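Chemist: File name final_28.cif; file contents mmCIF, C-alpha atoms; full text below.
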```cif
data_query
loop_
_atom_site.group_PDB
_atom_site.id
_atom_site.type_symbol
_atom_site.label_atom_id
_atom_site.label_comp_id
_atom_site.auth_asym_id
_atom_site.auth_seq_id
_atom_site.Cartn_x
_atom_site.Cartn_y
_atom_site.Cartn_z
ATOM 1 C CA ILE A 11 0.000 0.000 0.000
ATOM 2 C CA ALA A 12 2.822 2.381 0.892
ATOM 3 C CA ALA A 13 4.604 1.621 -2.383
ATOM 4 C CA ALA A 14 1.485 2.340 -4.449
ATOM 5 C CA TYR A 15 0.882 5.576 -2.546
ATOM 6 C CA CYS A 16 4.494 6.716 -2.962
ATOM 7 C CA VAL A 17 4.631 5.996 -6.689
ATOM 8 C CA PHE A 18 1.499 8.066 -7.305
ATOM 9 C CA ARG A 19 2.800 10.913 -5.144
ATOM 10 C CA CYS A 20 6.209 11.043 -6.804
ATOM 11 C CA THR A 21 4.573 11.504 -10.228
ATOM 12 C CA GLU A 22 1.876 13.988 -9.217
ATOM 13 C CA GLY A 23 4.176 16.975 -8.923
ATOM 14 C CA LYS A 24 7.520 15.307 -9.641
ATOM 15 C CA GLU A 25 8.360 15.833 -5.961
ATOM 16 C CA LYS A 26 11.938 14.677 -5.363
ATOM 17 C CA PRO A 27 11.549 13.351 -1.772
ATOM 18 C CA TRP A 28 8.831 10.884 -2.812
ATOM 19 C CA LEU A 29 11.171 9.096 -5.220
ATOM 20 C CA TYR A 30 13.578 8.377 -2.393
ATOM 21 C CA ILE A 31 10.794 7.435 0.008
ATOM 22 C CA LEU A 32 9.510 5.025 -2.649
ATOM 23 C CA ALA A 33 13.012 3.551 -3.009
ATOM 24 C CA PHE A 34 13.254 3.076 0.762
ATOM 25 C CA VAL A 35 9.860 1.331 0.888
ATOM 26 C CA LEU A 36 10.814 -0.964 -2.007
ATOM 27 C CA GLY A 37 14.081 -1.863 -0.293
ATOM 28 C CA LEU A 38 12.279 -2.770 2.926
ATOM 29 C CA GLY A 39 9.764 -4.851 0.981
ATOM 30 C CA ILE A 40 12.470 -6.841 -0.775
ATOM 31 C CA SER A 41 14.307 -7.347 2.512
ATOM 32 C CA HIS A 42 11.176 -8.948 3.941
ATOM 33 C CA HIS A 43 10.565 -11.247 0.981
ATOM 34 C CA PRO A 44 12.135 -11.221 -2.505
ATOM 35 C CA THR A 45 8.777 -11.925 -4.188
ATOM 36 C CA TYR A 46 8.018 -8.267 -3.474
ATOM 37 C CA VAL A 47 9.729 -7.632 -6.834
ATOM 38 C CA LEU A 48 6.467 -8.715 -8.500
ATOM 39 C CA ILE A 49 5.048 -5.211 -8.017
ATOM 40 C CA LEU A 50 8.056 -3.564 -9.696
ATOM 41 C CA PRO A 51 6.743 -3.988 -13.294
ATOM 42 C CA ALA A 52 3.645 -1.924 -12.456
ATOM 43 C CA ILE A 53 5.736 0.753 -10.756
ATOM 44 C CA ALA A 54 8.223 0.914 -13.643
ATOM 45 C CA TRP A 55 5.389 1.201 -16.172
ATOM 46 C CA TRP A 56 3.748 4.017 -14.213
ATOM 47 C CA LEU A 57 6.977 6.014 -13.977
ATOM 48 C CA TRP A 58 7.498 5.556 -17.727
ATOM 49 C CA ARG A 59 3.880 6.390 -18.551
ATOM 50 C CA GLU A 60 4.021 9.596 -16.493
ATOM 51 C CA ARG A 61 7.426 10.528 -17.930
ATOM 52 C CA ALA A 62 8.906 10.465 -14.444
ATOM 53 C CA ILE A 63 11.863 8.154 -15.096
ATOM 54 C CA PRO A 64 14.648 9.613 -12.894
ATOM 55 C CA SER A 65 17.969 10.774 -14.272
ATOM 56 C CA TYR A 66 21.042 8.593 -13.856
ATOM 57 C CA THR A 67 22.124 10.549 -10.801
ATOM 58 C CA LYS A 68 18.719 10.445 -9.105
ATOM 59 C CA GLY A 69 18.257 6.824 -10.142
ATOM 60 C CA ALA A 70 21.614 5.819 -8.648
ATOM 61 C CA LEU A 71 20.791 7.648 -5.415
ATOM 62 C CA ALA A 72 17.368 5.972 -5.284
ATOM 63 C CA CYS A 73 19.008 2.558 -5.788
ATOM 64 C CA ALA A 74 21.381 3.371 -2.929
ATOM 65 C CA TYR A 75 18.413 4.188 -0.672
ATOM 66 C CA ALA A 76 16.732 0.909 -1.674
ATOM 67 C CA ALA A 77 19.904 -1.100 -1.039
ATOM 68 C CA ALA A 78 20.363 0.544 2.358
ATOM 69 C CA ALA A 79 16.750 -0.142 3.360
ATOM 70 C CA CYS A 80 17.146 -3.751 2.211
ATOM 71 C CA ALA A 81 20.347 -4.180 4.237
ATOM 72 C CA VAL A 82 19.213 -2.505 7.479
ATOM 73 C CA PRO A 83 17.182 -5.422 8.961
ATOM 74 C CA TYR A 84 20.019 -7.875 8.240
ATOM 75 C CA LEU A 85 22.640 -5.532 9.670
ATOM 76 C CA ILE A 86 20.574 -5.209 12.836
ATOM 77 C CA LEU A 87 20.335 -8.997 13.033
ATOM 78 C CA GLY A 88 24.064 -9.415 12.410
ATOM 79 C CA PHE A 89 25.064 -6.977 15.152
ATOM 80 C CA HIS A 90 22.488 -8.482 17.490
ATOM 81 C CA LEU A 91 24.170 -11.886 17.113
ATOM 82 C CA HIS A 92 27.150 -10.542 19.079
ATOM 83 C CA ARG A 93 24.866 -9.998 22.076
ATOM 84 C CA SER A 94 22.546 -13.000 22.030
ATOM 85 C CA MET A 95 20.948 -15.498 19.704
ATOM 86 C CA PRO A 96 17.458 -14.673 18.373
ATOM 87 C CA VAL A 97 14.605 -16.366 20.206
ATOM 88 C CA TYR A 98 12.892 -17.264 16.934
ATOM 89 C CA ASN A 99 15.618 -18.617 14.675
ATOM 90 C CA PRO A 100 14.247 -21.278 12.297
ATOM 91 C CA MET A 101 17.127 -20.824 9.822
ATOM 92 C CA GLY A 102 19.805 -21.299 12.483
ATOM 93 C CA VAL A 103 21.455 -17.903 11.899
ATOM 94 C CA ALA A 104 24.637 -17.736 13.980
ATOM 95 C CA SER A 105 27.170 -15.684 11.966
ATOM 96 C CA TRP A 106 27.455 -12.959 9.330
ATOM 97 C CA HIS A 107 27.749 -15.656 6.678
ATOM 98 C CA ASP A 108 24.454 -17.116 7.869
ATOM 99 C CA VAL A 109 22.876 -13.651 7.623
ATOM 100 C CA LEU A 110 23.832 -13.509 3.927
ATOM 101 C CA ASP A 111 22.468 -17.026 3.396
ATOM 102 C CA LEU A 112 19.247 -15.940 5.091
ATOM 103 C CA PHE A 113 18.817 -13.020 2.677
ATOM 104 C CA LEU A 114 19.572 -15.249 -0.324
ATOM 105 C CA ARG A 115 17.109 -17.862 1.016
ATOM 106 C CA LYS A 116 19.775 -20.523 0.574
ATOM 107 C CA ASN A 117 17.906 -23.072 2.682
ATOM 108 C CA LEU A 118 14.789 -22.542 0.535
ATOM 109 C CA GLY A 119 16.508 -22.959 -2.807
ATOM 110 C CA GLY A 120 17.243 -19.324 -3.647
ATOM 111 C CA PRO A 121 15.763 -15.817 -3.507
ATOM 112 C CA LEU A 122 13.182 -16.474 -6.226
ATOM 113 C CA ARG A 123 11.673 -19.472 -4.483
ATOM 114 C CA MET A 124 8.104 -18.421 -3.908
ATOM 115 C CA VAL A 125 7.028 -21.491 -2.003
ATOM 116 C CA GLY A 126 9.790 -24.061 -1.604
ATOM 117 C CA GLY A 127 10.577 -27.426 -3.062
ATOM 118 C CA ARG A 128 11.877 -28.241 -6.529
ATOM 119 C CA GLY A 129 10.680 -27.861 -10.102
ATOM 120 C CA PHE A 130 10.671 -25.133 -12.736
ATOM 121 C CA PHE A 131 13.977 -23.464 -11.779
ATOM 122 C CA ASP A 132 15.551 -26.935 -11.732
ATOM 123 C CA LEU A 133 14.514 -27.200 -15.396
ATOM 124 C CA GLY A 134 11.905 -29.853 -14.744
ATOM 125 C CA GLY A 135 8.950 -30.378 -17.045
ATOM 126 C CA PHE A 136 5.862 -28.186 -16.722
ATOM 127 C CA ARG A 137 3.092 -29.770 -14.657
ATOM 128 C CA TRP A 138 -0.542 -28.773 -15.037
ATOM 129 C CA GLU A 139 -1.846 -30.494 -11.891
ATOM 130 C CA PRO A 140 -0.207 -28.191 -9.316
ATOM 131 C CA LEU A 141 -1.042 -25.138 -11.447
ATOM 132 C CA ALA A 142 -4.717 -26.116 -11.477
ATOM 133 C CA ALA A 143 -4.639 -26.866 -7.735
ATOM 134 C CA GLN A 144 -3.115 -23.528 -6.785
ATOM 135 C CA ALA A 145 -5.391 -21.609 -9.173
ATOM 136 C CA ALA A 146 -8.359 -23.272 -7.435
ATOM 137 C CA TRP A 147 -6.976 -22.174 -4.044
ATOM 138 C CA MET A 148 -6.711 -18.584 -5.215
ATOM 139 C CA VAL A 149 -10.246 -18.625 -6.635
ATOM 140 C CA HIS A 150 -11.508 -19.947 -3.300
ATOM 141 C CA SER A 151 -9.656 -17.155 -1.487
ATOM 142 C CA LEU A 152 -11.202 -14.622 -3.849
ATOM 143 C CA TRP A 153 -14.625 -15.938 -2.857
ATOM 144 C CA SER A 154 -13.863 -15.903 0.872
ATOM 145 C CA GLU A 155 -12.176 -12.462 0.955
ATOM 146 C CA PRO A 156 -13.507 -9.828 -1.517
ATOM 147 C CA GLY A 157 -16.363 -12.150 -2.505
ATOM 148 C CA VAL A 158 -18.872 -11.679 -5.299
ATOM 149 C CA PHE A 159 -19.821 -8.170 -4.147
ATOM 150 C CA GLY A 160 -16.186 -7.106 -3.945
ATOM 151 C CA ALA A 161 -15.646 -8.536 -7.423
ATOM 152 C CA LEU A 162 -18.609 -6.555 -8.769
ATOM 153 C CA LEU A 163 -17.277 -3.369 -7.188
ATOM 154 C CA ALA A 164 -13.851 -4.106 -8.701
ATOM 155 C CA LEU A 165 -15.445 -4.524 -12.142
ATOM 156 C CA ALA A 166 -17.314 -1.243 -11.669
ATOM 157 C CA GLY A 167 -14.074 0.439 -10.636
ATOM 158 C CA ALA A 168 -12.224 -0.972 -13.645
ATOM 159 C CA ALA A 169 -15.009 0.231 -15.974
ATOM 160 C CA ASP A 170 -14.864 3.686 -14.398
ATOM 161 C CA LEU A 171 -11.087 3.853 -14.803
ATOM 162 C CA TRP A 172 -11.422 2.730 -18.424
ATOM 163 C CA LYS A 173 -13.485 5.847 -19.059
ATOM 164 C CA ARG A 174 -11.591 8.303 -16.860
ATOM 165 C CA ASP A 175 -8.032 7.148 -16.265
ATOM 166 C CA ARG A 176 -6.728 4.285 -18.392
ATOM 167 C CA ALA A 177 -3.189 4.872 -17.154
ATOM 168 C CA ALA A 178 -4.248 4.013 -13.597
ATOM 169 C CA LEU A 179 -6.167 0.995 -14.903
ATOM 170 C CA GLY A 180 -3.001 -0.113 -16.683
ATOM 171 C CA PHE A 181 -1.042 0.241 -13.425
ATOM 172 C CA TRP A 182 -3.407 -1.995 -11.475
ATOM 173 C CA GLY A 183 -3.732 -4.387 -14.408
ATOM 174 C CA ILE A 184 0.033 -4.926 -14.547
ATOM 175 C CA TRP A 185 0.090 -5.179 -10.744
ATOM 176 C CA LEU A 186 -2.487 -7.998 -10.891
ATOM 177 C CA ALA A 187 -0.941 -9.768 -13.891
ATOM 178 C CA ALA A 188 2.536 -9.894 -12.342
ATOM 179 C CA SER A 189 1.662 -10.557 -8.701
ATOM 180 C CA MET A 190 -1.075 -13.092 -9.503
ATOM 181 C CA GLY A 191 -0.102 -14.580 -12.863
ATOM 182 C CA CYS A 192 3.653 -14.880 -12.295
ATOM 183 C CA PHE A 193 3.156 -16.234 -8.807
ATOM 184 C CA LEU A 194 0.727 -18.948 -9.907
ATOM 185 C CA PHE A 195 2.821 -19.911 -12.914
ATOM 186 C CA ILE A 196 6.184 -20.110 -11.124
ATOM 187 C CA SER A 197 5.341 -21.210 -7.593
ATOM 188 C CA SER A 198 2.965 -23.968 -8.677
ATOM 189 C CA GLN A 199 5.887 -25.685 -10.392
ATOM 190 C CA GLN A 200 7.906 -25.514 -7.171
ATOM 191 C CA LEU A 201 5.101 -26.954 -5.118
ATOM 192 C CA HIS A 202 4.921 -30.575 -3.991
ATOM 193 C CA LEU A 203 1.385 -31.724 -3.345
ATOM 194 C CA HIS A 204 2.268 -34.560 -0.984
ATOM 195 C CA ASP A 205 0.630 -32.485 1.780
ATOM 196 C CA PRO A 206 -1.910 -30.205 0.065
ATOM 197 C CA GLU A 207 -3.269 -28.644 3.265
ATOM 198 C CA TYR A 208 0.172 -27.524 4.397
ATOM 199 C CA ALA A 209 1.147 -26.409 0.880
ATOM 200 C CA ARG A 210 -1.992 -24.295 0.729
ATOM 201 C CA ALA A 211 -1.236 -22.728 4.114
ATOM 202 C CA VAL A 212 2.207 -21.768 2.787
ATOM 203 C CA ALA A 213 0.948 -20.426 -0.552
ATOM 204 C CA ILE A 214 -2.051 -18.455 0.665
ATOM 205 C CA ARG A 215 0.047 -15.662 2.195
ATOM 206 C CA PHE A 216 1.280 -14.749 -1.289
ATOM 207 C CA TYR A 217 -2.237 -13.837 -2.393
ATOM 208 C CA LEU A 218 -1.981 -10.591 -0.423
ATOM 209 C CA MET A 219 -0.237 -8.610 -3.190
ATOM 210 C CA PRO A 220 -2.787 -9.350 -5.937
ATOM 211 C CA PHE A 221 -5.622 -8.826 -3.467
ATOM 212 C CA LEU A 222 -4.324 -5.306 -2.815
ATOM 213 C CA GLY A 223 -4.894 -4.572 -6.506
ATOM 214 C CA LEU A 224 -8.430 -5.972 -6.349
ATOM 215 C CA PHE A 225 -9.272 -3.969 -3.243
ATOM 216 C CA ALA A 226 -7.933 -0.812 -4.913
ATOM 217 C CA LEU A 227 -10.280 -1.388 -7.843
ATOM 218 C CA SER A 228 -13.118 -2.170 -5.415
ATOM 219 C CA GLY A 229 -12.456 1.142 -3.688
ATOM 220 C CA ARG A 230 -12.690 2.878 -7.029
ATOM 221 C CA GLY A 231 -15.986 1.091 -7.652
ATOM 222 C CA ALA A 232 -17.274 2.247 -4.266
ATOM 223 C CA GLN A 233 -16.255 5.817 -5.118
ATOM 224 C CA TRP A 234 -18.097 5.551 -8.440
ATOM 225 C CA LEU A 235 -21.223 4.318 -6.657
ATOM 226 C CA ILE A 236 -21.166 7.213 -4.161
ATOM 227 C CA GLU A 237 -20.567 9.798 -6.898
ATOM 228 C CA LYS A 238 -23.398 8.376 -8.973
ATOM 229 C CA GLY A 239 -25.721 8.543 -5.978
ATOM 230 C CA ALA A 240 -24.677 12.152 -5.321
ATOM 231 C CA ARG A 241 -25.430 13.138 -8.924
ATOM 232 C CA MET A 242 -28.890 11.601 -8.581
ATOM 233 C CA GLY A 243 -29.458 13.428 -5.302
ATOM 234 C CA ARG A 244 -29.461 10.151 -3.386
ATOM 235 C CA ARG A 245 -26.067 10.067 -1.753
ATOM 236 C CA PRO A 246 -27.378 8.650 1.606
ATOM 237 C CA LEU A 247 -29.093 5.840 -0.301
ATOM 238 C CA ALA A 248 -25.856 5.054 -2.164
ATOM 239 C CA LEU A 249 -23.880 5.033 1.094
ATOM 240 C CA GLY A 250 -26.454 2.750 2.720
ATOM 241 C CA PHE A 251 -26.371 0.376 -0.238
ATOM 242 C CA LEU A 252 -22.577 0.335 -0.153
ATOM 243 C CA ALA A 253 -22.597 -0.479 3.582
ATOM 244 C CA LEU A 254 -25.058 -3.311 2.907
ATOM 245 C CA VAL A 255 -22.816 -4.666 0.137
ATOM 246 C CA CYS A 256 -19.766 -4.603 2.425
ATOM 247 C CA CYS A 257 -21.595 -6.384 5.255
ATOM 248 C CA ALA A 258 -23.311 -8.936 3.030
ATOM 249 C CA GLN A 259 -20.059 -10.767 2.324
ATOM 250 C CA TYR A 260 -19.539 -11.499 6.016
ATOM 251 C CA PHE A 261 -23.072 -12.804 6.469
ATOM 252 C CA LEU A 262 -22.973 -14.976 3.347
ATOM 253 C CA ASN A 263 -19.510 -16.378 4.008
ATOM 254 C CA ALA A 264 -18.979 -16.359 7.750
ATOM 255 C CA THR A 265 -15.789 -17.883 9.113
ATOM 256 C CA ASN A 266 -16.388 -21.512 10.034
ATOM 257 C CA LEU A 267 -13.749 -23.570 11.806
ATOM 258 C CA ALA A 268 -16.105 -26.462 12.570
ATOM 259 C CA ARG A 269 -14.202 -29.001 10.460
ATOM 260 C CA GLN A 270 -11.542 -31.663 10.784
ATOM 261 C CA ASP A 271 -8.125 -30.033 10.656
ATOM 262 C CA PRO A 272 -4.982 -31.676 12.097
ATOM 263 C CA LEU A 273 -3.228 -28.329 12.608
ATOM 264 C CA LEU A 274 -6.270 -26.845 14.330
ATOM 265 C CA ASP A 275 -6.595 -29.903 16.586
ATOM 266 C CA TYR A 276 -2.871 -29.667 17.336
ATOM 267 C CA GLY A 277 -3.254 -26.035 18.402
ATOM 268 C CA ARG A 278 -6.247 -26.843 20.582
ATOM 269 C CA ASP A 279 -4.318 -29.641 22.291
ATOM 270 C CA ILE A 280 -1.518 -27.201 23.120
ATOM 271 C CA ILE A 281 -3.915 -24.704 24.689
ATOM 272 C CA GLU A 282 -5.980 -27.321 26.562
ATOM 273 C CA SER A 283 -2.857 -28.910 28.046
ATOM 274 C CA SER A 284 -1.480 -25.565 29.245
ATOM 275 C CA GLY A 285 -2.033 -24.092 32.667
ATOM 276 C CA PRO A 286 -2.847 -20.476 33.660
ATOM 277 C CA SER A 287 0.830 -19.684 34.352
ATOM 278 C CA ASP A 288 2.342 -21.520 31.379
ATOM 279 C CA ILE A 289 4.102 -19.748 28.521
ATOM 280 C CA VAL A 290 3.476 -21.081 25.018
ATOM 281 C CA ILE A 291 6.394 -20.462 22.631
ATOM 282 C CA LEU A 292 5.538 -20.598 18.920
ATOM 283 C CA ALA A 293 8.525 -22.049 17.092
ATOM 284 C CA SER A 294 7.467 -22.910 13.552
ATOM 285 C CA ASP A 295 5.126 -21.953 10.735
ATOM 286 C CA ASP A 296 2.939 -24.961 11.522
ATOM 287 C CA THR A 297 2.208 -23.637 14.997
ATOM 288 C CA ILE A 298 2.038 -19.947 14.076
ATOM 289 C CA LEU A 299 -0.471 -20.594 11.262
ATOM 290 C CA VAL A 300 -2.738 -22.315 13.778
#
```
For this file, produce the structure as C-alpha cells.

Modeler:
Amino acid sequence: IAAAYCVFRCTEGKEKPWLYILAFVLGLGISHHPTYVLILPAIAWWLWRERAIPSYTKGALACAYAAAACAVPYLILGFHLHRSMPVYNPMGVASWHDVLDLFLRKNLGGPLRMVGGRGFFDLGGFRWEPLAAQAAWMVHSLWSEPGVFGALLALAGAADLWKRDRAALGFWGIWLAASMGCFLFISSQQLHLHDPEYARAVAIRFYLMPFLGLFALSGRGAQWLIEKGARMGRRPLALGFLALVCCAQYFLNATNLARQDPLLDYGRDIIESSGPSDIVILASDDTILV
C-alpha cells in the first residue's frame, strides 16, 4: 500500500523526496521477501507512462536508498548476534555468513523461491496439476475475501477507470498480472502436493499482493457508486447500499472452523494442556499458522 501511494505521489508533482521514500519502501519490501519484486513492473510502467523516469544521478541515489533499506534489517540482526541469539531462529542464523544465506534464502533454494521445493527453476517439465490446484486455491480465497460483491465493485471500478483514467487501470492491471499470474505460474511448479493442506497454508500468504490490486479497484468502484448517488441526489441511499454490500459478504460467508483439521486440533491440544501460568512459545510456521 505504501509503495502504491508513494509511486502516485512522486509523479503527481515530480516531488523529489517521494522518489527516495519510494526507493526506501521498495528496499524494505524486498528485505522482507524477494517476491516483493512482483510489483516492480507496475511501478516501472507508471513512472514511464508519467514521464517520471529519474535521471542517472537520481536513479543511482534511489538505488542506494533501496539497497540501504534492504540491508538494514540484516545488519541489525548481524550486530544483534554478538549480544545474544534470536529467540525465533528457524534458519539457524549464527554468523554474518548465515545472515547472507538468510537473505539469499539458501535453505529454501534461492531468492526467487516463492514457495519451496523443486521444479521449474531446476529445469523440470511443466506440470498442469499443481497449477490447477493452486489456481483453485486462489479462486476460493477470492470468494472468501472480496467475494462476489467485492468482485462486482472491482469490475465497476475498472469500468470507471477505463473511461476516466486508463493509465491508472493499466497500473493496477500490470500489478495484478505480475503478482497473480507470475506467482501462480512459477510457484505452482515448485510446489509438492504430498501435503496439500500444508502447501496451501504456505501459498495463501502470497495472495496478499494481488488482493491489494483488487481492493484498490473495489475502492474505485465504491467511489463511483457514491458519486453516482450524489449526482442523482441520493447520496445517503448510495452510502447505505454500499454499507449493505460490504456487510453482506460477512453474512454470506462467515468464518467456520467447525471441520476436521490436524493443525487446528494440534493447536487446541496445546492450549488445553497448558495451565494459567504456562508460557506457550511458537517455534514454527505450523504452529504460528494455527

Chemist: Considering all atoms listed in the file, state which residue in the set A:Ala258, A:Pro83, A:Ser287, A:Arg241 is at the smallest distance from Ser154 in chain A.

Modeler: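 Ranked by minimum distance to Ser154 in chain A, first place goes to A:Ala258.
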
Chemist: Please compute the CA of Ala143 in chain A-CA of Tyr217 in chain A distance, one decimal, in Å.

Modeler: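 Atom-to-atom, CA of Ala143 in chain A and CA of Tyr217 in chain A are spaced 14.3 Å apart.
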
Chemist: Work out where the centre of an axis-aligned box around every listed atom of range 150-163 of chain A lies and how long its edges are once 8 Å is added on each side; give both in Å to one decimal as JSON.

Modeler:
```
{"center_x": -14.7, "center_y": -11.7, "center_z": -3.9, "size_x": 26.2, "size_y": 32.6, "size_z": 25.7}
```

Chemist: CA of Pro44 in chain A and CA of Leu194 in chain A, how far apart in Å?

Modeler: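 Separating CA of Leu194 in chain A from CA of Pro44 in chain A is a distance of 15.6 Å.
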
Chemist: What is the CA of Thr45 in chain A-CA of Pro27 in chain A distance in Å, reported with one decimal?

Modeler: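 Those two atoms sit 25.5 Å apart.
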
Chemist: Got a sec to resolve the PyMOL selection byres ((chain A and resi 224-233) around 12) on this structure and send the residues as a PDB file with C-alpha atoms, in the frame of the given file?

Modeler:
```
ATOM      1  CA  ILE A  11       0.000   0.000   0.000  1.00  0.00           C
ATOM      2  CA  ALA A  14       1.485   2.340  -4.449  1.00  0.00           C
ATOM      3  CA  TYR A  15       0.882   5.576  -2.546  1.00  0.00           C
ATOM      4  CA  LEU A 152     -11.202 -14.622  -3.849  1.00  0.00           C
ATOM      5  CA  GLU A 155     -12.176 -12.462   0.955  1.00  0.00           C
ATOM      6  CA  PRO A 156     -13.507  -9.828  -1.517  1.00  0.00           C
ATOM      7  CA  GLY A 157     -16.363 -12.150  -2.505  1.00  0.00           C
ATOM      8  CA  VAL A 158     -18.872 -11.679  -5.299  1.00  0.00           C
ATOM      9  CA  PHE A 159     -19.821  -8.170  -4.147  1.00  0.00           C
ATOM     10  CA  GLY A 160     -16.186  -7.106  -3.945  1.00  0.00           C
ATOM     11  CA  ALA A 161     -15.646  -8.536  -7.423  1.00  0.00           C
ATOM     12  CA  LEU A 162     -18.609  -6.555  -8.769  1.00  0.00           C
ATOM     13  CA  LEU A 163     -17.277  -3.369  -7.188  1.00  0.00           C
ATOM     14  CA  ALA A 164     -13.851  -4.106  -8.701  1.00  0.00           C
ATOM     15  CA  LEU A 165     -15.445  -4.524 -12.142  1.00  0.00           C
ATOM     16  CA  ALA A 166     -17.314  -1.243 -11.669  1.00  0.00           C
ATOM     17  CA  GLY A 167     -14.074   0.439 -10.636  1.00  0.00           C
ATOM     18  CA  ALA A 168     -12.224  -0.972 -13.645  1.00  0.00           C
ATOM     19  CA  ALA A 169     -15.009   0.231 -15.974  1.00  0.00           C
ATOM     20  CA  ASP A 170     -14.864   3.686 -14.398  1.00  0.00           C
ATOM     21  CA  LEU A 171     -11.087   3.853 -14.803  1.00  0.00           C
ATOM     22  CA  TRP A 172     -11.422   2.730 -18.424  1.00  0.00           C
ATOM     23  CA  ARG A 174     -11.591   8.303 -16.860  1.00  0.00           C
ATOM     24  CA  ASP A 175      -8.032   7.148 -16.265  1.00  0.00           C
ATOM     25  CA  ALA A 178      -4.248   4.013 -13.597  1.00  0.00           C
ATOM     26  CA  LEU A 179      -6.167   0.995 -14.903  1.00  0.00           C
ATOM     27  CA  GLY A 180      -3.001  -0.113 -16.683  1.00  0.00           C
ATOM     28  CA  PHE A 181      -1.042   0.241 -13.425  1.00  0.00           C
ATOM     29  CA  TRP A 182      -3.407  -1.995 -11.475  1.00  0.00           C
ATOM     30  CA  GLY A 183      -3.732  -4.387 -14.408  1.00  0.00           C
ATOM     31  CA  ILE A 184       0.033  -4.926 -14.547  1.00  0.00           C
ATOM     32  CA  TRP A 185       0.090  -5.179 -10.744  1.00  0.00           C
ATOM     33  CA  LEU A 186      -2.487  -7.998 -10.891  1.00  0.00           C
ATOM     34  CA  ALA A 187      -0.941  -9.768 -13.891  1.00  0.00           C
ATOM     35  CA  SER A 189       1.662 -10.557  -8.701  1.00  0.00           C
ATOM     36  CA  MET A 190      -1.075 -13.092  -9.503  1.00  0.00           C
ATOM     37  CA  TYR A 217      -2.237 -13.837  -2.393  1.00  0.00           C
ATOM     38  CA  LEU A 218      -1.981 -10.591  -0.423  1.00  0.00           C
ATOM     39  CA  MET A 219      -0.237  -8.610  -3.190  1.00  0.00           C
ATOM     40  CA  PRO A 220      -2.787  -9.350  -5.937  1.00  0.00           C
ATOM     41  CA  PHE A 221      -5.622  -8.826  -3.467  1.00  0.00           C
ATOM     42  CA  LEU A 222      -4.324  -5.306  -2.815  1.00  0.00           C
ATOM     43  CA  GLY A 223      -4.894  -4.572  -6.506  1.00  0.00           C
ATOM     44  CA  TRP A 234     -18.097   5.551  -8.440  1.00  0.00           C
ATOM     45  CA  LEU A 235     -21.223   4.318  -6.657  1.00  0.00           C
ATOM     46  CA  ILE A 236     -21.166   7.213  -4.161  1.00  0.00           C
ATOM     47  CA  GLU A 237     -20.567   9.798  -6.898  1.00  0.00           C
ATOM     48  CA  LYS A 238     -23.398   8.376  -8.973  1.00  0.00           C
ATOM     49  CA  GLY A 239     -25.721   8.543  -5.978  1.00  0.00           C
ATOM     50  CA  ALA A 240     -24.677  12.152  -5.321  1.00  0.00           C
ATOM     51  CA  ARG A 245     -26.067  10.067  -1.753  1.00  0.00           C
ATOM     52  CA  ALA A 248     -25.856   5.054  -2.164  1.00  0.00           C
ATOM     53  CA  LEU A 249     -23.880   5.033   1.094  1.00  0.00           C
ATOM     54  CA  GLY A 250     -26.454   2.750   2.720  1.00  0.00           C
ATOM     55  CA  PHE A 251     -26.371   0.376  -0.238  1.00  0.00           C
ATOM     56  CA  LEU A 252     -22.577   0.335  -0.153  1.00  0.00           C
ATOM     57  CA  ALA A 253     -22.597  -0.479   3.582  1.00  0.00           C
ATOM     58  CA  LEU A 254     -25.058  -3.311   2.907  1.00  0.00           C
ATOM     59  CA  VAL A 255     -22.816  -4.666   0.137  1.00  0.00           C
ATOM     60  CA  CYS A 256     -19.766  -4.603   2.425  1.00  0.00           C
TER      61      CYS A 256
END
```

Chemist: Can you tell me, as a ChimeraX atom specification, what residues are no more than 12 Å from Asp111 in chain A when counting all atoms listed in the file, ignoring any on the same chain fewer than 6 positions away?

Modeler: /A:84,88,101-105,117-121

Chemist: Pull out every residue that the PyMOL selection byres ((chain A and resi 58-61) around 12) matches in the shown coordinates and put them as a VMD selection string.

Modeler: chain A and resid 17 to 24 51 to 57 62 to 65 176 to 181

Chemist: Can you work out which one of A:Leu32, A:Ala145, A:Leu292, A:Val47 has the shortest atom-to-atom distance to Ala76 in chain A, counting only C-alpha atoms?

Modeler: A:Leu32

Chemist: Could you tell me which of A:Arg215, A:His202, A:His107, A:Lys68 comes closest to Leu87 in chain A if we count all atoms listed in the file?

Modeler: A:His107

Chemist: When distances are computed from only C-alpha atoms, which of A:Phe89, A:Tyr46, A:Trp153, A:Phe34 shows the smallest separation from Ala74 in chain A?

Modeler: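 Closest to Ala74 in chain A, using only C-alpha atoms: A:Phe34.
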
Chemist: If we count all atoms listed in the file, what is near Ser41 in chain A at a cut-off of 8 Å, once residues fewer than 3 positions away on the same chain are taken out, given as a list in words?

Modeler: Gly37, Leu38, Pro44, Ala79, Cys80, Ala81, Pro83 and Phe113 of chain A

Chemist: Would you mind listing what lies within 12 Å of Val290 in chain A as a PyMOL selection string, with only C-alpha atoms counted and same-chain residues fewer than 4 positions away left out?

Modeler: chain A and resi 277+279-286+297-298

Chemist: Just checking: using all atoms listed in the file, which residue out of A:Ala72, A:Tyr66, A:Leu48, A:Arg93 ends up closest to Lys26 in chain A?

Modeler: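 For Lys26 in chain A, the nearest of the candidates is A:Ala72.
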